[in-house]
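Visitor: Below is one structure. I have some questions about it.
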Amino acid sequence: MSAAERTEPLPAWSLPAGAEKAIELAVQWPAEVTRDWAWGSSGGRGVRVCILDSGIEPDHPSVGPLSGAVAVVRSDDGEISIEEDEQGDLCGHGTACAGIVRALAPECELYSVRVLGAGYTGSGPVLVAGLRYAIENGYDVVNMSLSTTKRELAESLHELADLAYFQKTMLVASAHNLPVESYPWRFASVLSVGSHDRPEPLDYFYNPDPPVEFFARGVDIDVAWMEGSTLRVTGNSFATPHMTAICALVRGEHPELTPFQLKSVLYLTATNVIGSR
Amino acid sequence: MTRDDLRAAVAAGVFGSEAGHQELLRSIAEVAQAIFHAKAASIFLLDEETDELVFEAIAGEGSDSLVGTRFPSSTGIAGWVLVTRQPLVLEDVSEDPRFAKDAAESTGYVPKGIMAVPLLHGERALGVLEVLDRPARPGAALEEVELLGLFAGQAAIALDLLQAARRARAALEGSGAELETVARLAAAVDRLEDERRAAGIELLASLDALLGDESRAARPPGPLGSTP
């Protein structure tokens with residue numbers, strides 16, 4: 001096809017002279033980025049947070065109302081479909097994560113995409129389908145307190161992680177410290193989270209020695225549990241929703257931020273970075 | 001008798017007995033229990049064919065009669081550790097009536113606290129290791145999870161060996177009596193020491209040469225009318 005025949009312009013990944021106005025930042029950042037500037041009193045207002053997990057117990061006192069809930073279902077012949085979720089949480093894990101997000105970002109909208117609970121077999125394709133659904137639905141932040149070791153899924157997950165990154169969906173995923181490769185937390189387009197054992201829920205640390213990028217509170221946390229109860233837990237699974245909530249707070253104050261900018265704000269406001277200034 | 005059958009027979013002979021592997025798993029559970037000063041430790045194996053977790057080894061409280069008990073792979077604490085691939089620590093679970101009921105039914109023992117870690121080997125999730133009711137060590141939670149991860153690596157290797165041995169035995173059982181002789185022979189030679197082992201291997205090599213010659217001699221001729 002000749003240039004003259006093209007009906008659509010090619011994307012121009014360059015900045016012609018005098019076009020700086022086209023990429024003007026919506027908000028000018030202050031010389032010193034503080035937590036007050038980063039999230040103020042946003043409470044995560046207007047931010048759509050997705051918990052990709054085992055479902056969320058509806059109307060749990062520590063979680064409150066859900067804005068939506070679906071289940072990724074795999075039939076016996078391997079067909080995958082997305083259905084309205086009427087079962088809530090199958091094991092408690094998703095409710096625990098949702099409660100942490102709600103406590104720190106009380107005004108965010110919580111959505112549940114259930115990808116766990118239907119057995120080990122088939123859990124890989126269900127996870128990929130659930131993540132694709134979450135990205136297509138344009139959630140602002142997606143919490144993934146889970147990972148897979150299946151190499152065959154790595155490429156799909158990597159593509160989805162990069163797609164999310166450029167569509168302004170921040171994926172927040174649990175790292176793990178076992179001596180095997182797992183995904184998607186190792187991808188650079190994902191915000192990966194490990195645990196620290198300090199008690200303050202808004203203490204988080206930037207790690208200059210990746211692949212784990214941030215450490216958040218992950219020890220002895222009282223979380224929402226099945227049938228309206230609470231339970232004390234430890235693990236990166238619960239550090240992750242702390243970072244998810246902090247992302248929601250920042251997004252509530254600055255909805256224009258790309259994942260790259262969001263990570264930059266988180267770096268500048270991390271406990272170990274603020275303390276060193 | 002195919003080459004794969006022979007391989008399975010030799011593998012089954014040298015892999016060791018089922019009892020030996022279960023002893024190894026039990027020993028790992030016992031060491032985990034001792035290191036964490038816990039009341040019990042259990043190892044679960046994932047049966048991918050039925051999508052179930054199976055109790056393979058238990059140390060401490062609970063009963064050995066539970067070995068072999070099965071439950072769906074995505075239920076209970078072990079189930080979600082397996083599917084999320086994330087180590088977890090839970091305290092005061094006995095306060096949760098639903099959990100207490102599930103635990104009592106599956107183990108006969110209701111713990112207060114659980115540490116659980118997935119057993120991962122390469123890209124496969126093989127099972128779960130749980131440590132029940134260790135004394136509280138304030139400030140040591142992250143260190144404990146890391147230590148449990150080291151045990152998990154060891155348990156995963158043992159489970160991998162157990163599964164390989166079971167696959168070899170299953171192949172052997174489906175292939176007739178003559179292969180059992182090969183398996184016994186392989187096991188016998190494997191058990192010999194030093195000079196006797198060398199002599200045993202030499203004997204097998206002679207047998208191979210002899211049988212190899214015979215099998216070449218016994219090879220059916222080409223089709224009639226064809227030229228070699």
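Chain labels follow the order of the structure tokens: the first chain is A, the next B, and so on; residue numbering restarts at 1 in every chain, and ligands are counted from 1 in their shown order.
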Report as a PyMOL selection string the set of chain A residues whose atoms approach chain B to within 8 Å, with distances computed over only C-alpha atoms.

Guide: chain A and resi 91+93+116-121+123+145-151+176-182+195-197+219+229+231-237

Visitor: If you keep N, CA and C atoms, can you produce a file of those selected residues as a tab-separated table (two decimals), in the first residue's frame?

Guide:
chain	number	residue	atom	x	y	z
A	91	CYS	N	-13.66	-18.78	49.81
A	91	CYS	CA	-12.71	-19.22	50.85
A	91	CYS	C	-12.28	-18.14	51.83
A	93	HIS	N	-10.29	-15.42	51.19
A	93	HIS	CA	-9.09	-14.69	50.75
A	93	HIS	C	-9.43	-13.35	50.12
A	116	LEU	N	-10.58	-17.65	41.64
A	116	LEU	CA	-10.13	-18.77	42.48
A	116	LEU	C	-11.34	-19.51	43.03
A	117	GLY	N	-11.11	-20.75	43.40
A	117	GLY	CA	-12.15	-21.48	44.12
A	117	GLY	C	-12.77	-22.61	43.34
A	118	ALA	N	-12.49	-22.67	42.04
A	118	ALA	CA	-13.12	-23.74	41.25
A	118	ALA	C	-12.15	-24.89	41.01
A	119	GLY	N	-11.17	-25.05	41.90
A	119	GLY	CA	-10.23	-26.16	41.76
A	119	GLY	C	-8.91	-25.70	41.17
A	120	TYR	N	-7.91	-26.54	41.32
A	120	TYR	CA	-6.58	-26.20	40.84
A	120	TYR	C	-6.51	-26.32	39.31
A	121	THR	N	-7.08	-27.41	38.80
A	121	THR	CA	-7.04	-27.64	37.36
A	121	THR	C	-7.81	-26.54	36.63
A	123	SER	N	-7.10	-23.47	36.67
A	123	SER	CA	-7.02	-22.17	37.34
A	123	SER	C	-6.17	-21.18	36.52
A	145	SER	N	-3.48	-10.77	44.61
A	145	SER	CA	-2.74	-11.42	45.71
A	145	SER	C	-2.54	-12.89	45.36
A	146	LEU	N	-1.99	-13.13	44.21
A	146	LEU	CA	-1.82	-14.50	43.72
A	146	LEU	C	-0.79	-14.49	42.60
A	147	SER	N	-0.31	-15.66	42.26
A	147	SER	CA	0.62	-15.76	41.13
A	147	SER	C	0.51	-17.16	40.56
A	148	THR	N	1.12	-17.35	39.39
A	148	THR	CA	1.16	-18.68	38.80
A	148	THR	C	2.59	-19.03	38.45
A	149	THR	N	2.92	-20.31	38.50
A	149	THR	CA	4.27	-20.75	38.12
A	149	THR	C	4.28	-21.34	36.71
A	150	LYS	N	3.12	-21.33	36.05
A	150	LYS	CA	3.05	-21.99	34.74
A	150	LYS	C	3.67	-21.11	33.66
A	151	ARG	N	4.76	-21.61	33.10
A	151	ARG	CA	5.52	-20.87	32.10
A	151	ARG	C	4.64	-20.57	30.87
A	176	HIS	N	6.59	-13.41	45.73
A	176	HIS	CA	6.84	-14.44	46.74
A	176	HIS	C	8.31	-14.79	46.79
A	177	ASN	N	8.70	-15.28	47.98
A	177	ASN	CA	10.13	-15.47	48.22
A	177	ASN	C	10.52	-16.95	48.14
A	178	LEU	N	9.79	-17.71	47.34
A	178	LEU	CA	10.14	-19.12	47.18
A	178	LEU	C	11.08	-19.22	45.97
A	179	PRO	N	11.93	-20.25	45.97
A	179	PRO	CA	12.97	-20.29	44.93
A	179	PRO	C	12.47	-20.80	43.58
A	180	VAL	N	11.38	-20.22	43.07
A	180	VAL	CA	10.88	-20.56	41.73
A	180	VAL	C	10.42	-19.29	41.03
A	181	GLU	N	10.32	-19.35	39.71
A	181	GLU	CA	9.80	-18.21	38.95
A	181	GLU	C	8.28	-18.22	39.04
A	182	SER	N	7.68	-17.06	39.25
A	182	SER	CA	6.22	-17.00	39.18
A	182	SER	C	5.81	-15.65	38.60
A	195	SER	N	6.37	-8.00	51.97
A	195	SER	CA	5.88	-7.59	53.30
A	195	SER	C	6.96	-6.93	54.14
A	196	HIS	N	6.54	-5.96	54.97
A	196	HIS	CA	7.36	-5.55	56.12
A	196	HIS	C	6.55	-5.81	57.37
A	197	ASP	N	7.19	-5.75	58.53
A	197	ASP	CA	6.47	-6.16	59.74
A	197	ASP	C	6.17	-4.99	60.67
A	219	VAL	N	2.21	-8.17	58.16
A	219	VAL	CA	2.33	-9.06	59.32
A	219	VAL	C	1.28	-8.73	60.38
A	229	SER	N	-16.96	-12.27	60.13
A	229	SER	CA	-15.97	-12.29	61.22
A	229	SER	C	-14.66	-11.63	60.81
A	231	LEU	N	-10.08	-12.10	61.27
A	231	LEU	CA	-9.03	-13.09	61.52
A	231	LEU	C	-7.69	-12.38	61.43
A	232	ARG	N	-6.69	-12.85	62.22
A	232	ARG	CA	-5.35	-12.24	62.15
A	232	ARG	C	-4.46	-13.04	61.19
A	233	VAL	N	-3.88	-12.35	60.22
A	233	VAL	CA	-3.13	-13.05	59.16
A	233	VAL	C	-1.78	-12.37	58.88
A	234	THR	N	-0.90	-13.13	58.21
A	234	THR	CA	0.40	-12.62	57.77
A	234	THR	C	0.66	-13.15	56.36
A	235	GLY	N	1.25	-12.32	55.50
A	235	GLY	CA	1.62	-12.81	54.17
A	235	GLY	C	1.61	-11.69	53.14
A	236	ASN	N	2.36	-11.90	52.06
A	236	ASN	CA	2.39	-10.90	50.99
A	236	ASN	C	1.01	-10.69	50.37
A	237	SER	N	0.16	-11.73	50.49
A	237	SER	CA	-1.21	-11.61	49.99
A	237	SER	C	-1.92	-10.41	50.62

Visitor: Assign secondary structure with DSSP using the backbone only, and return the residues of stretch 140-200 of chain A in strand (DSSP E or B) as a ChimeraX atom specification.

Guide: /A:141-144,148,170-174,183,191-196

Visitor: Any chance you could export the current selection's C-alpha atoms as a compact mmCIF listing (two decimals), in the first residue's frame?

Guide:
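Saved to out-v9.txt:
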# COMPACT_ATOMS: atom_id res chain seq x y z
CA VAL A 141 -6.35 -0.53 40.10
CA VAL A 142 -6.38 -4.35 40.06
CA ASN A 143 -5.29 -6.29 43.16
CA MET A 144 -3.66 -9.67 42.46
CA THR A 148 1.16 -18.68 38.80
CA MET A 170 -2.36 -0.29 37.64
CA LEU A 171 -1.79 -3.98 38.37
CA VAL A 172 -0.65 -4.57 41.94
CA ALA A 173 0.65 -8.13 42.52
CA SER A 174 2.07 -10.18 45.38
CA TYR A 183 4.08 -14.41 37.42
CA LEU A 191 3.69 -2.99 40.86
CA SER A 192 5.07 -5.88 42.94
CA VAL A 193 4.70 -6.06 46.70
CA GLY A 194 6.47 -7.86 49.53
CA SER A 195 5.88 -7.59 53.30
CA HIS A 196 7.36 -5.55 56.12

Visitor: Show me, as JSON, numbers by chain, the residues that have an atom within 12 Å of A:Leu160 when counting only C-alpha atoms, minus same-chain residues fewer than 2 positions from it.

Guide: {"A": [127, 128, 129, 130, 131, 132, 133, 134, 135, 136, 153, 154, 155, 156, 157, 158, 162, 163, 164, 165, 166, 167, 169, 170, 171, 183, 184, 187, 189, 190]}

Visitor: Could you list, as a ChimeraX atom specification, every residue within 7 Å of B:Ala29, counting only C-alpha atoms and ignoring same-chain residues fewer than 4 positions away?

Guide: /B:25,33,41-43,57-59

Visitor: With N, CA and C atoms retained, export the selected residues as a PDB file, in the first residue's frame.

Guide:
ATOM      1  N   LEU B  25       9.027 -38.037  53.623  1.00  0.00           N
ATOM      2  CA  LEU B  25       8.075 -36.935  53.799  1.00  0.00           C
ATOM      3  C   LEU B  25       7.736 -36.744  55.277  1.00  0.00           C
ATOM      4  N   GLN B  33       8.112 -29.556  62.262  1.00  0.00           N
ATOM      5  CA  GLN B  33       7.418 -29.453  63.554  1.00  0.00           C
ATOM      6  C   GLN B  33       8.420 -29.094  64.659  1.00  0.00           C
ATOM      7  N   ALA B  41       2.676 -30.895  62.060  1.00  0.00           N
ATOM      8  CA  ALA B  41       2.992 -30.436  60.699  1.00  0.00           C
ATOM      9  C   ALA B  41       2.448 -31.471  59.729  1.00  0.00           C
ATOM     10  N   SER B  42       1.953 -31.005  58.575  1.00  0.00           N
ATOM     11  CA  SER B  42       1.374 -31.933  57.596  1.00  0.00           C
ATOM     12  C   SER B  42       1.868 -31.590  56.192  1.00  0.00           C
ATOM     13  N   ILE B  43       1.939 -32.628  55.360  1.00  0.00           N
ATOM     14  CA  ILE B  43       2.273 -32.424  53.946  1.00  0.00           C
ATOM     15  C   ILE B  43       1.126 -32.976  53.098  1.00  0.00           C
ATOM     16  N   ALA B  57       1.675 -36.934  54.706  1.00  0.00           N
ATOM     17  CA  ALA B  57       2.475 -37.153  55.920  1.00  0.00           C
ATOM     18  C   ALA B  57       2.003 -36.228  57.026  1.00  0.00           C
ATOM     19  N   ILE B  58       2.001 -36.742  58.231  1.00  0.00           N
ATOM     20  CA  ILE B  58       1.599 -35.939  59.387  1.00  0.00           C
ATOM     21  C   ILE B  58       2.581 -36.214  60.518  1.00  0.00           C
ATOM     22  N   ALA B  59       3.040 -35.159  61.185  1.00  0.00           N
ATOM     23  CA  ALA B  59       3.872 -35.318  62.379  1.00  0.00           C
ATOM     24  C   ALA B  59       3.160 -34.624  63.530  1.00  0.00           C
TER      25      ALA B  59
END

Visitor: With only C-alpha atoms as the basis for distance, which of B:Ala34, B:Leu204, B:Leu210, B:Ala171 is at the shortest distance from B:Leu185?

Guide: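 Comparing B:Ala34, B:Leu204, B:Leu210, B:Ala171 against B:Leu185, the winner is B:Leu204.
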
Visitor: Give me, as a list of chain:residue names, the residues of stretch 31-74 of chain B that a backbone DSSP run labels helix (DSSP H, G or I).

Guide: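 Selecting the helix (DSSP H, G or I) positions of stretch 31-74 of chain B gives B:Val31, B:Ala32, B:Gln33, B:Ala34, B:Ile35, B:Asp64, B:Ser65, B:Leu66.
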
Visitor: Near B:Phe44, within 7 Å and counting only C-alpha atoms, which residues show up once chain neighbours fewer than 3 positions away are dropped, as a list in words?

Guide: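 Skipping anything fewer than 3 positions along the chain leaves Leu53, Val54, Phe55, Glu56, Gly127, Val128 and Leu129 of chain B.
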
Visitor: Quick one, how far is atom CA of A:Gln28 from atom CA of A:Ser14?

Guide: 22.2 Å

Visitor: Quick one: residues within 9 Å of stretch 59-70 of chain A, only C-alpha atoms, excluding same-chain residues fewer than 2 positions away - as a ChimeraX atom specification?

Guide: /A:48,55-57,72,82-86,88,95-96,98-103,106,109-114,223-230
